[in-house]
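**Student:** To be precise about what I am sending: the file is called query.csv and holds CSV, C-alpha atoms.
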chain,number,residue,atom,x,y,z
A,1,MET,CA,52.8,-81.3,-28.1
A,2,TRP,CA,51.9,-77.6,-27.6
A,3,ARG,CA,53.2,-76.1,-24.5
A,4,LYS,CA,52.6,-72.4,-25.1
A,5,THR,CA,49.6,-70.1,-24.9
A,6,ARG,CA,47.7,-69.3,-28.1
A,7,SER,CA,48.2,-65.5,-28.2
A,8,VAL,CA,49.1,-63.9,-31.6
A,9,PRO,CA,52.4,-62.1,-31.5
A,10,GLN,CA,52.3,-58.3,-32.1
A,11,LYS,CA,55.4,-58.5,-34.2
A,12,ALA,CA,54.9,-60.2,-37.5
A,13,ASN,CA,57.4,-62.9,-38.7
A,14,PHE,CA,57.4,-65.7,-41.3
A,15,GLY,CA,56.6,-68.3,-38.7
A,16,ASN,CA,53.3,-66.6,-37.9
A,17,ILE,CA,52.0,-67.4,-41.3
A,18,PHE,CA,51.9,-71.1,-40.5
A,19,GLY,CA,51.0,-70.6,-36.8
A,20,TRP,CA,54.5,-71.8,-35.6
A,21,CYS,CA,55.1,-68.8,-33.4
A,22,LYS,CA,51.9,-68.2,-31.5
A,23,GLY,CA,51.9,-67.9,-27.8
A,24,ALA,CA,54.4,-67.7,-25.0
A,25,ASP,CA,55.6,-70.2,-22.4
A,26,PRO,CA,53.2,-69.3,-19.5
A,27,ASN,CA,55.8,-70.5,-16.9
A,28,ARG,CA,58.3,-68.0,-18.1
A,29,ASN,CA,55.8,-65.1,-18.3
A,30,TRP,CA,55.1,-64.4,-14.6
A,31,ALA,CA,56.0,-60.9,-13.4
A,32,TYR,CA,59.0,-61.8,-11.2
A,33,GLN,CA,62.5,-61.8,-12.6
A,34,TRP,CA,60.9,-61.9,-16.0
A,35,GLY,CA,63.1,-62.3,-19.1
A,36,GLY,CA,66.1,-63.8,-17.2
A,37,LYS,CA,68.0,-67.0,-17.5
A,38,GLY,CA,66.4,-70.0,-19.2
A,39,THR,CA,64.0,-67.9,-21.4
A,40,SER,CA,64.0,-66.7,-24.9
A,41,LYS,CA,63.2,-63.5,-26.8
A,42,ASN,CA,62.5,-65.6,-29.9
A,43,GLN,CA,58.7,-65.7,-30.5
A,44,CYS,CA,59.1,-69.2,-32.1
A,45,SER,CA,61.0,-70.7,-29.2
A,46,PRO,CA,59.1,-73.1,-26.8
A,47,ILE,CA,60.6,-71.0,-23.9
A,48,TYR,CA,59.6,-67.6,-25.3
A,49,HIS,CA,58.9,-65.4,-22.3
A,50,GLY,CA,56.2,-63.2,-24.0
A,51,GLU,CA,56.1,-59.6,-25.0
A,52,SER,CA,56.2,-58.3,-21.4
A,53,PRO,CA,55.7,-59.6,-17.8
A,54,ALA,CA,52.3,-61.2,-17.5
A,55,SER,CA,51.5,-60.4,-21.1
A,56,GLU,CA,49.5,-63.6,-21.4
A,57,PRO,CA,45.9,-63.3,-20.2
A,58,GLU,CA,46.0,-66.6,-18.4
A,59,VAL,CA,49.0,-65.5,-16.3
A,60,GLU,CA,47.7,-61.9,-15.8
A,61,SER,CA,44.3,-63.1,-14.5
A,62,THR,CA,45.8,-65.8,-12.2
A,63,GLN,CA,48.2,-63.2,-10.7
A,64,LYS,CA,45.4,-60.8,-10.0
A,65,TYR,CA,43.3,-63.4,-8.3
A,66,LEU,CA,46.1,-64.7,-6.2
A,67,LEU,CA,46.9,-61.2,-4.9
A,68,THR,CA,43.3,-61.0,-3.6
A,69,ILE,CA,43.9,-64.1,-1.4
A,70,LYS,CA,47.6,-63.9,-0.7
A,71,ASP,CA,47.1,-63.3,3.0
A,72,ARG,CA,45.2,-66.6,3.2
A,73,MET,CA,47.5,-68.7,1.1
A,74,LYS,CA,49.9,-71.0,3.0
A,75,LEU,CA,51.0,-73.3,0.3
A,76,PHE,CA,51.5,-72.8,-3.5
A,77,LEU,CA,52.0,-75.9,-5.7
A,78,THR,CA,52.5,-76.0,-9.5
A,79,PHE,CA,52.5,-79.3,-11.4
A,80,HIS,CA,54.6,-80.1,-14.4
A,81,SER,CA,56.1,-83.0,-16.2
A,82,TYR,CA,58.5,-84.7,-16.2
A,83,SER,CA,61.6,-85.7,-14.1
A,84,GLN,CA,60.3,-86.9,-10.7
A,85,LEU,CA,61.5,-83.8,-8.9
A,86,LEU,CA,60.2,-81.4,-6.2
A,87,LEU,CA,61.6,-78.0,-7.1
A,88,LEU,CA,62.1,-75.2,-4.7
A,89,PRO,CA,62.6,-71.5,-5.4
A,90,TRP,CA,64.5,-69.8,-6.7
A,91,GLY,CA,64.1,-70.9,-10.3
A,92,TYR,CA,65.5,-67.7,-11.9
A,93,ASP,CA,69.1,-68.4,-10.9
A,94,LYS,CA,71.3,-70.7,-8.8
A,95,ILE,CA,70.3,-69.0,-5.6
A,96,ARG,CA,68.8,-70.7,-2.5
A,97,THR,CA,66.1,-68.9,-0.5
A,98,ASP,CA,67.0,-67.9,3.1
A,99,ASP,CA,64.5,-70.4,4.3
A,100,TYR,CA,65.7,-73.2,2.1
A,101,GLU,CA,66.1,-75.7,4.9
A,102,GLU,CA,62.5,-75.2,6.1
A,103,LEU,CA,61.1,-75.7,2.6
A,104,MET,CA,63.3,-78.8,2.2
A,105,ALA,CA,62.0,-80.3,5.5
A,106,VAL,CA,58.4,-80.1,4.3
A,107,GLY,CA,59.3,-81.3,0.9
A,108,THR,CA,61.4,-84.2,2.0
A,109,LYS,CA,58.6,-85.5,4.3
A,110,ALA,CA,56.2,-85.1,1.4
A,111,LEU,CA,58.4,-87.2,-0.9
A,112,ALA,CA,58.7,-89.9,1.7
A,113,ALA,CA,54.9,-90.1,1.8
A,114,LEU,CA,54.8,-90.3,-2.0
A,115,GLU,CA,57.4,-93.0,-2.2
A,116,GLY,CA,55.6,-95.0,0.5
A,117,LEU,CA,52.7,-95.9,-1.9
A,118,TYR,CA,54.4,-97.4,-4.9
A,119,GLY,CA,58.1,-96.9,-4.3
A,120,THR,CA,58.5,-94.0,-6.8
A,121,LYS,CA,61.6,-92.0,-6.0
A,122,TYR,CA,61.8,-88.2,-6.3
A,123,LYS,CA,64.5,-85.8,-5.6
A,124,ALA,CA,64.0,-82.4,-3.9
A,125,GLY,CA,66.1,-79.2,-4.2
A,126,ALA,CA,66.6,-75.8,-5.6
A,127,THR,CA,65.5,-75.6,-9.2
A,128,ALA,CA,68.7,-74.4,-10.9
A,129,GLU,CA,70.7,-77.0,-9.0
A,130,LEU,CA,68.5,-80.0,-9.9
A,131,LEU,CA,67.4,-78.9,-13.3
A,132,TYR,CA,68.2,-75.5,-14.8
A,133,ALA,CA,67.5,-71.9,-14.3
A,134,ALA,CA,64.1,-70.7,-15.7
A,135,ALA,CA,63.1,-67.2,-14.9
A,136,GLY,CA,59.5,-65.9,-14.8
A,137,GLY,CA,58.1,-69.0,-13.1
A,138,SER,CA,54.9,-69.2,-11.1
A,139,PHE,CA,56.3,-70.5,-7.9
A,140,ASP,CA,59.0,-67.8,-7.9
A,141,TRP,CA,56.3,-65.2,-8.3
A,142,ALA,CA,54.2,-66.8,-5.5
A,143,LYS,CA,57.1,-66.5,-3.1
A,144,GLY,CA,58.7,-63.3,-4.3
A,145,ILE,CA,55.6,-61.2,-4.9
A,146,ALA,CA,52.6,-62.8,-3.2
A,147,GLY,CA,54.7,-63.7,-0.2
A,148,VAL,CA,53.7,-67.4,0.1
A,149,LYS,CA,56.5,-69.0,2.1
A,150,PHE,CA,56.0,-72.6,1.0
A,151,ALA,CA,56.0,-72.6,-2.8
A,152,TYR,CA,57.0,-75.6,-4.9
A,153,ALA,CA,56.9,-77.1,-8.3
A,154,PHE,CA,56.3,-80.8,-8.9
A,155,GLU,CA,57.9,-82.5,-11.9
A,156,LEU,CA,55.8,-85.6,-12.1
A,157,ARG,CA,56.5,-89.1,-13.6
A,158,ASP,CA,58.6,-90.3,-15.3
A,159,THR,CA,62.4,-89.8,-15.5
A,160,GLY,CA,62.6,-89.8,-19.3
A,161,ARG,CA,61.6,-93.2,-20.7
A,162,PHE,CA,58.2,-92.0,-21.8
A,163,GLY,CA,58.7,-88.3,-21.1
A,164,PHE,CA,55.6,-86.2,-21.8
A,165,LEU,CA,53.8,-89.2,-23.2
A,166,LEU,CA,53.2,-91.1,-20.0
A,167,PRO,CA,51.3,-94.4,-20.6
A,168,PRO,CA,47.7,-94.2,-19.5
A,169,GLN,CA,48.2,-97.0,-17.0
A,170,ASN,CA,50.7,-94.8,-15.1
A,171,ILE,CA,48.5,-91.8,-14.8
A,172,ILE,CA,46.2,-92.8,-11.9
A,173,PRO,CA,49.1,-94.2,-9.9
A,174,SER,CA,51.0,-91.0,-10.4
A,175,GLY,CA,48.0,-89.1,-9.2
A,176,LYS,CA,47.5,-91.2,-6.2
A,177,GLU,CA,51.1,-91.0,-5.0
A,178,THR,CA,51.2,-87.3,-5.6
A,179,PHE,CA,48.1,-86.9,-3.4
A,180,GLU,CA,50.0,-88.6,-0.6
A,181,ALA,CA,52.6,-85.9,-0.9
A,182,LEU,CA,49.9,-83.2,-0.9
A,183,LYS,CA,48.3,-84.6,2.3
A,184,SER,CA,51.7,-84.6,4.0
A,185,MET,CA,52.2,-80.9,3.0
A,186,ALA,CA,48.7,-79.9,4.1
A,187,ASP,CA,49.3,-81.6,7.4
A,188,ASP,CA,52.5,-79.6,7.9
A,189,MET,CA,50.7,-76.4,7.0
A,190,THR,CA,48.2,-77.0,9.8
A,191,LYS,CA,51.0,-77.5,12.3
A,192,ILE,CA,53.3,-74.7,11.2
A,193,TYR,CA,50.5,-72.2,11.0
A,194,ARG,CA,48.7,-73.6,14.0
A,195,ILE,CA,45.5,-74.2,12.2
A,196,GLY,CA,43.2,-75.7,14.9
A,197,ASP,CA,42.5,-79.4,15.3
A,198,GLN,CA,38.9,-78.6,14.5
A,199,VAL,CA,40.0,-78.1,10.8
A,200,GLN,CA,39.5,-81.4,9.1
A,201,HIS,CA,40.4,-80.2,5.6
A,202,VAL,CA,42.3,-77.5,3.8
A,203,ASN,CA,40.2,-74.8,2.4
A,204,LYS,CA,40.4,-74.8,-1.4
A,205,ASN,CA,41.4,-71.1,-1.4
A,206,ASN,CA,44.6,-71.9,0.5
A,207,ILE,CA,46.2,-74.1,-2.2
A,208,LEU,CA,46.4,-73.3,-5.8
A,209,PHE,CA,47.0,-76.1,-8.3
A,210,GLN,CA,48.6,-75.1,-11.6
A,211,GLY,CA,49.3,-77.6,-14.3
A,212,HIS,CA,51.9,-77.2,-17.0
A,213,ASP,CA,54.2,-79.3,-19.2
A,214,GLU,CA,57.8,-78.4,-18.5
Turn this file's structure into structure tokens for me.
**Tutor:**
Amino acid sequence: MWRKTRSVPQKANFGNIFGWCKGADPNRNWAYQWGGKGTSKNQCSPIYHGESPASEPEVESTQKYLLTIKDRMKLFLTFHSYSQLLLLPWGYDKIRTDDYEELMAVGTKALAALEGLYGTKYKAGATAELLYAAAGGSFDWAKGIAGVKFAYAFELRDTGRFGFLLPPQNIIPSGKETFEALKSMADDMTKIYRIGDQVQHVNKNNILFQGHDE
């Protein structure tokens, strides 16, 4: 399974001849705390952080777009697999944000809604505490640079039995239960930011969905 971008490294090495060392891990390439813990300088590593912050065109273009709508964004979500976790910033080190409890409150409620559909259990918490440190992530950037208060990363089904190769029959249930969590979060955003009762849906510009295999 390929998890990196497809850019060609500027520095030649033996692996490039066979295409082994193309690309960077896009979720370690965002321009916030880039090159820190949980990343690699090795072009052939699956967690290679890239030549420089936002060196990958996919990351650079997404960052530029998000900065144009940052004042309207209330919630940033990125979707990965696998582990059944809801990860909170910061991801770059074992450090909790000052508003950790507020983020946990929204996250815990969302996971209760998710569990209510099929009984799937998730855990929520700071990234480096639940998983490991990984600098240069998108949700760290969203909070640290774009200023989006509520930024999270979902690690979807499962907990390791199938790993990245989730059986097809589990895909739709995973999507449905995750949508329950999203509805809970969207509901909280309307209350926290006092978005009027007349708003019956969340504008698509206020939530960014990013997919990536962790």
**Student:** With all atoms listed in the file as the atoms that count, which of A:Leu66, A:Leu130, A:Leu77, A:Met185 lies nearest to A:Lys109?
**Tutor:** A:Met185
**Student:** Point out the residue among A:Val8, A:Cys44, A:Leu85, A:Ile171 with the least atom-to-atom distance to A:Cys21, counting only C-alpha atoms.
**Tutor:**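 Selected residue with least distance to A:Cys21: A:Cys44.
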**Student:** Using all atoms listed in the file, which of the listed residues (A:Ser61, A:Gln10, A:Thr178, A:Thr108) sits closest to A:Lys123?
**Tutor:**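 The closest residue to A:Lys123 is A:Thr108.
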**Student:** Could the residues of stretch 81-178 of chain A that have an atom at most 10 Å from stretch 68-71 of chain A be listed as JSON lines, each with its closest atom pair and the distance in Å to one decimal, counting only C-alpha atoms and ordered by chain and ascending residue number?
**Tutor:**
{"residue": "A:Ala142", "atom": "CA", "partner": "A:Lys70", "partner_atom": "CA", "distance": 8.7}
{"residue": "A:Ile145", "atom": "CA", "partner": "A:Lys70", "partner_atom": "CA", "distance": 9.4}
{"residue": "A:Ala146", "atom": "CA", "partner": "A:Lys70", "partner_atom": "CA", "distance": 5.7}
{"residue": "A:Gly147", "atom": "CA", "partner": "A:Lys70", "partner_atom": "CA", "distance": 7.1}
{"residue": "A:Val148", "atom": "CA", "partner": "A:Lys70", "partner_atom": "CA", "distance": 7.1}
**Student:** Taking all atoms listed in the file into account, name the residue in A:Arg6, A:Lys22, A:Ile95, A:Lys74 that is nearest to A:Lys191.
**Tutor:** A:Lys74
**Student:** Have a look at atom CA of A:Thr159 and atom CA of A:Thr120 and let me know their distance in Å, one decimal.
**Tutor:**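 That distance, rounded to one decimal, is 10.4 Å.
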